[in-house]
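Student: File name run-v4.txt; file contents compact mmCIF, C-alpha atoms; full text below.
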# COMPACT_ATOMS: atom_id res chain seq x y z
CA ARG A 1 11.91 -16.70 2.61
CA ALA A 2 11.46 -12.97 3.02
CA PRO A 3 13.68 -10.04 4.05
CA GLY A 4 14.26 -10.11 7.79
CA ARG A 5 12.80 -13.60 8.13
CA LEU A 6 14.51 -16.93 8.89
CA GLU A 7 12.57 -20.18 8.59
CA ILE A 8 14.03 -23.66 9.09
CA ASP A 9 12.11 -26.89 8.50
CA THR A 10 13.28 -30.43 9.23
CA ILE A 11 11.73 -33.27 7.25
CA ASP A 12 10.28 -36.23 9.14
CA ARG A 13 13.13 -37.39 11.38
CA ARG A 14 12.09 -41.03 10.90
CA TRP A 15 13.80 -40.93 7.53
CA PHE A 16 17.04 -39.83 9.22
CA ASP A 17 16.74 -42.67 11.73
CA ILE A 18 16.23 -45.18 8.93
CA LEU A 19 19.22 -43.76 7.05
CA GLY A 20 21.36 -43.91 10.18
CA GLN A 21 20.43 -47.54 10.79
CA LEU A 22 21.29 -48.46 7.21
CA LEU A 23 24.63 -46.66 7.14
CA ALA A 24 26.05 -47.05 10.62
CA GLY A 25 23.48 -48.64 12.88
CA ASN A 26 23.03 -45.38 14.77
CA ARG A 27 20.30 -42.80 15.14
CA VAL A 28 20.85 -39.49 13.39
CA THR A 29 20.48 -36.25 15.33
CA ILE A 30 20.35 -32.69 14.04
CA ASP A 31 21.44 -29.60 15.97
CA TYR A 32 20.53 -26.05 14.99
CA ASP A 33 22.40 -23.00 16.32
CA ALA A 34 20.93 -19.67 15.17
CA GLU A 35 21.65 -16.07 16.14
CA VAL A 36 18.88 -13.47 15.82
CA PRO A 37 18.39 -9.90 17.08
CA ARG A 38 17.37 -9.66 20.74
CA ASN A 39 13.96 -8.19 19.89
CA ALA A 40 13.20 -10.63 17.08
CA SER A 41 9.91 -12.53 17.05
CA VAL A 42 10.71 -16.23 17.41
CA GLN A 43 8.60 -19.37 17.02
CA ILE A 44 10.10 -22.84 17.59
CA GLU A 45 8.32 -26.18 17.36
CA GLY A 46 9.87 -29.59 18.05
CA VAL A 47 8.93 -33.17 18.88
CA SER A 48 11.70 -34.77 20.91
CA ALA A 49 13.95 -31.73 20.77
CA ASP A 50 15.66 -29.89 23.61
CA VAL A 51 15.51 -26.11 23.16
CA LEU A 52 17.93 -23.64 24.75
CA VAL A 53 17.36 -19.93 24.09
CA GLN A 54 19.46 -17.05 25.39
CA GLY A 55 18.96 -13.30 25.37
CA LEU A 56 15.61 -12.85 23.61
CA ALA A 57 13.16 -10.05 24.45
CA GLY A 58 10.74 -10.06 21.52
CA GLU A 59 7.55 -12.08 21.09
CA GLN A 60 8.41 -15.74 21.68
CA ARG A 61 6.45 -18.93 21.10
CA PHE A 62 7.74 -22.44 21.83
CA HIS A 63 6.16 -25.87 21.51
CA THR A 64 7.75 -29.24 22.29
CA VAL A 65 6.38 -32.71 22.90
CA SER A 66 9.02 -34.46 24.99
CA GLY A 67 11.96 -32.06 24.82
CA ALA A 68 13.11 -29.73 27.59
CA LEU A 69 12.82 -25.97 27.16
CA GLN A 70 15.09 -23.45 28.87
CA LEU A 71 15.13 -19.68 28.35
CA ASP A 72 18.01 -17.66 29.83
CA ASP A 73 18.39 -13.87 29.97
CA ALA A 74 14.74 -13.70 28.89
CA ALA A 75 12.36 -10.76 28.67
CA GLY A 76 9.09 -9.83 27.04
CA ALA A 77 6.04 -11.91 26.14
CA ILE A 78 6.64 -15.69 26.20
CA GLU A 79 4.34 -18.57 25.28
CA ALA A 80 5.65 -22.06 26.06
CA ASP A 81 3.85 -25.36 25.60
CA SER A 82 5.10 -28.88 26.26
CA VAL A 83 3.59 -32.31 26.84
CA SER A 84 6.18 -34.01 29.04
CA GLY A 85 9.13 -31.63 28.90
CA ARG A 86 10.14 -29.20 31.61
CA ILE A 87 9.81 -25.45 31.02
CA ARG A 88 12.37 -23.15 32.65
CA VAL A 89 12.46 -19.38 32.25
CA PHE A 90 15.12 -17.13 33.79
CA GLY A 91 14.35 -13.45 33.22
CA THR A 92 16.81 -10.57 33.53
CA ALA A 93 13.99 -8.11 32.83
CA ALA A 94 10.21 -8.18 33.14
CA ILE A 95 8.47 -11.21 31.61
CA ASP A 96 4.89 -11.97 30.63
CA LEU A 97 4.55 -15.75 30.71
CA ARG A 98 1.92 -18.13 29.39
CA ALA A 99 3.00 -21.75 29.92
CA HIS A 100 1.30 -25.15 29.66
CA THR A 101 2.55 -28.67 30.24
CA VAL A 102 0.96 -32.02 31.05
CA SER A 103 3.52 -33.85 33.18
CA GLY A 104 6.49 -31.51 33.06
CA GLN A 105 7.38 -28.84 35.60
CA ILE A 106 7.11 -25.09 35.03
CA GLN A 107 9.77 -22.90 36.65
CA ALA A 108 10.11 -19.14 36.19
CA ALA A 109 12.35 -16.60 37.91
CA ALA A 110 12.57 -12.87 37.11
CA ASP A 111 12.91 -9.56 38.93
CA ARG A 112 9.36 -8.77 37.84
CA ILE A 113 6.65 -11.01 36.44
CA GLU A 114 4.13 -8.81 34.66
CA ARG A 115 1.64 -11.62 34.25
CA VAL A 116 1.64 -15.39 34.50
CA ARG A 117 -0.84 -17.88 33.11
CA ALA A 118 0.38 -21.41 33.86
CA ALA A 119 -1.37 -24.77 33.63
CA THR A 120 -0.12 -28.27 34.34
CA THR A 121 -1.69 -31.63 35.17
CA SER A 122 0.79 -33.49 37.35
CA GLY A 123 3.80 -31.18 37.22
CA GLY A 124 4.48 -28.42 39.72
CA VAL A 125 4.83 -24.67 39.22
CA ASP A 126 7.66 -22.66 40.79
CA LEU A 127 7.76 -18.85 40.62
CA ALA A 128 10.44 -16.51 41.98
CA GLY A 129 10.28 -12.72 41.81
CA THR A 130 7.86 -9.82 42.19
CA LEU A 131 4.42 -10.40 40.70
CA ALA A 132 2.89 -7.26 39.20
CA PRO A 133 0.09 -5.93 41.45
CA ASP A 134 -2.21 -4.53 38.77
CA VAL A 135 -3.21 -7.81 37.07
CA GLU A 136 -4.58 -11.20 38.16
CA HIS A 137 -2.11 -14.05 37.84
CA ARG A 138 -3.53 -17.54 37.29
CA ILE A 139 -2.25 -21.09 37.80
CA GLN A 140 -4.14 -24.33 37.20
CA THR A 141 -2.98 -27.76 38.35
CA VAL A 142 -4.55 -31.12 39.13
CA SER A 143 -2.09 -32.67 41.58
CA GLY A 144 1.00 -30.51 41.16
CA GLY A 145 2.06 -28.08 43.88
CA VAL A 146 2.70 -24.36 43.53
CA ARG A 147 5.69 -22.64 45.14
CA VAL A 148 6.13 -18.87 45.12
CA ALA A 149 9.27 -17.11 46.35
CA THR A 150 8.76 -13.35 46.70
CA ASP A 151 9.55 -10.52 49.07
CA ALA A 152 6.58 -8.49 47.84
CA GLY A 153 3.00 -8.61 49.08
CA ILE A 154 0.71 -11.20 47.56
CA THR A 155 -2.85 -12.47 47.96
CA VAL A 156 -3.38 -16.12 47.08
CA GLN A 157 -6.86 -17.43 46.36
CA LEU A 158 -7.00 -21.22 46.15
CA GLN A 159 -9.97 -23.13 44.76
CA THR A 160 -9.38 -26.75 45.73
CA MET A 161 -10.90 -30.01 46.96
CA SER A 162 -8.09 -31.14 49.26
CA GLY A 163 -5.19 -28.72 48.68
CA SER A 164 -3.81 -26.25 51.22
CA VAL A 165 -2.05 -22.88 51.47
CA HIS A 166 0.99 -22.13 53.60
CA SER A 167 3.47 -19.29 54.04
CA SER A 168 6.76 -19.04 55.89
CA ARG A 169 6.22 -15.27 55.90
CA PRO A 170 3.70 -13.54 58.20
CA SER A 171 0.24 -13.99 56.73
CA THR A 172 -3.47 -14.16 57.42
CA THR A 173 -5.88 -16.77 56.06
CA ASP A 174 -9.63 -16.93 55.65
CA ARG A 175 -12.28 -18.21 53.26
CA ILE A 176 -14.07 -16.19 50.61
CA ASP A 177 -16.58 -17.37 48.02
CA GLY A 178 -15.72 -21.00 48.77
CA SER A 179 -11.99 -20.42 48.24
CA ARG A 180 -9.12 -20.39 50.68
CA ARG A 181 -7.47 -16.98 50.80
CA MET A 182 -4.06 -16.10 52.20
CA VAL A 183 -2.74 -12.54 52.40
CA VAL A 184 1.01 -12.05 52.71
CA GLY A 185 2.36 -8.56 53.43
CA ASP A 186 0.29 -5.84 51.79
CA GLY A 187 -1.30 -8.44 49.50
CA ARG A 188 -1.11 -6.17 46.46
CA ALA A 189 -0.43 -8.89 43.86
CA THR A 190 -3.22 -11.40 43.24
CA LEU A 191 -2.57 -15.04 42.40
CA ARG A 192 -5.57 -17.24 41.71
CA VAL A 193 -4.86 -20.98 41.86
CA GLN A 194 -7.20 -23.78 40.84
CA SER A 195 -6.06 -27.23 41.96
CA VAL A 196 -7.67 -30.54 42.90
CA SER A 197 -5.12 -31.66 45.48
CA GLY A 198 -2.03 -29.49 45.06
CA ALA A 199 -0.70 -27.23 47.82
CA VAL A 200 0.45 -23.59 47.56
CA ASP A 201 3.59 -22.57 49.45
CA VAL A 202 4.79 -18.94 49.70
CA GLY A 203 8.20 -17.99 51.02
CA PRO A 204 10.84 -15.24 50.80
CA LEU A 205 13.29 -14.97 47.92
CA GLY A 206 16.17 -15.76 50.27
CA GLY A 207 14.64 -19.20 50.83
CA SER A 208 13.73 -19.75 47.18
CA ARG A 209 13.97 -23.26 45.83
CA ALA A 210 13.98 -21.91 42.29
CA PRO A 211 16.44 -23.62 39.93
CA ASP A 212 20.06 -22.59 39.60
CA GLN A 213 20.34 -19.61 37.26
CA SER A 214 23.98 -20.15 36.30
CA GLN A 215 24.71 -19.89 32.60
CA PRO A 216 24.19 -23.21 30.82
CA ALA A 217 26.61 -24.80 28.43
CA ALA A 218 26.40 -23.84 24.77
CA PRO A 219 23.70 -25.87 23.01
CA THR A 220 26.07 -28.22 21.21
CA GLU A 221 24.52 -31.29 22.83
CA PRO A 222 21.09 -32.15 24.29
CA LEU A 223 20.29 -30.30 27.48
CA SER A 224 19.73 -33.62 29.21
CA ALA A 225 23.49 -34.21 28.84
CA ASP A 226 24.33 -31.02 30.75
CA PRO A 227 24.94 -31.89 34.44
CA ARG A 228 23.27 -28.61 35.41
CA TRP A 229 20.05 -29.78 33.78
CA ASP A 230 18.90 -31.87 36.73
CA PRO A 231 15.72 -33.83 35.96
CA ASN A 232 15.10 -34.29 39.68
CA PRO A 233 16.17 -31.11 41.51
CA LYS A 234 16.52 -31.37 45.27
CA PRO A 235 14.97 -28.69 47.51
CA ALA A 236 17.46 -26.23 48.94
Any chance you could put this one into structure tokens?

Tutor:
Amino acid sequence: RAPGRLEIDTIDRRWFDILGQLLAGNRVTIDYDAEVPRNASVQIEGVSADVLVQGLAGEQRFHTVSGALQLDDAAGAIEADSVSGRIRVFGTAAIDLRAHTVSGQIQAAADRIERVRAATTSGGVDLAGTLAPDVEHRIQTVSGGVRVATDAGITVQLQTMSGSVHSSRPSTTDRIDGSRRMVVGDGRATLRVQSVSGAVDVGPLGGSRAPDQSQPAAPTEPLSADPRWDPNPKPA
């Protein structure tokens, strides 16, 4: 609609479903495959749509209701929001992540995580990489657990009713201002977690249970059909 701008709208998919039932007794699906510059600003919204994005480093915003979201070769500032879909981010450069989901899981892996703001109700949060030491990272959950795989120093402050903190790396624990605090290594990065009953587990990158970062299949079919998109990953 303007130079340097691409905008795609899909009319109410219910009309496609009705048309499909009338013509062939099948539901109608629509797939979009778009190529944009790596540093382009991208905004994608979907209802029951799976979204697969590769190689973007510009400002990115994504919103889905029940679809899965996966970002590969990611970098830059990312905002991702989903109701029941899983959010996966694999960074090949530094990322700044803001993610929210109700029942889906949030998983992010990158060499460096400049900042993370993540919130989920019943889903868990998995992070793998070095958290920047000069900002405060925040995670909020109700019953979901938090797992962090890093070889760098980190201080975890957990505000909880019945949750716990644990590390397979050498650490010290104490209480401060009513919170449980755990210092791992030099403790330079700060992660503040608010959870009702979820636990926080910190371990080394070598023992990371982060998802497989192998390249996914081209987005010619829903991600749920890709065998590498495991809805119930098993711990390593």

Student: Name the closest residue to Asp126 (chain A) among the candidates A:Ala80, A:Val202, A:Ile44, A:Met182; distances are taken between atoms, counting only C-alpha atoms.

Tutor: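 Checking each candidate against Asp126 (chain A), we get A:Val202 as the closest.
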
Student: Can you list, as a count of residues only, every protein, DNA or RNA residue that comes within 10 Å of Gly178 (chain A) when you count only C-alpha atoms, leaving out same-chain residues fewer than 3 positions away?

Tutor: 6

Student: Choose the residue, out of A:His100, A:His166, A:Arg115, A:Arg88, that has the smallest atom-to-atom separation from Gly145 (chain A); count all atoms listed in the file.

Tutor: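 That would be A:His166, the residue with the smallest distance to Gly145 (chain A).
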
Student: With all atoms listed in the file as the atoms that count, which of A:Val184, A:Ala199, A:Ala109, A:Ala77 lies nearest to Gln140 (chain A)?

Tutor: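 Among the listed residues, the smallest separation from Gln140 (chain A) belongs to A:Ala199.
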
Student: May I ask for the distance between CA of Val156 (chain A) and CA of Thr190 (chain A), given in Å to one decimal place?

Tutor: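 Computing it gives 6.1 Å between the two atoms.
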
Student: Would you please work out which residue, of A:Val200, A:Leu131, A:Leu191, A:Val142, is nearest to Ile113 (chain A) when using only C-alpha atoms?

Tutor: A:Leu131
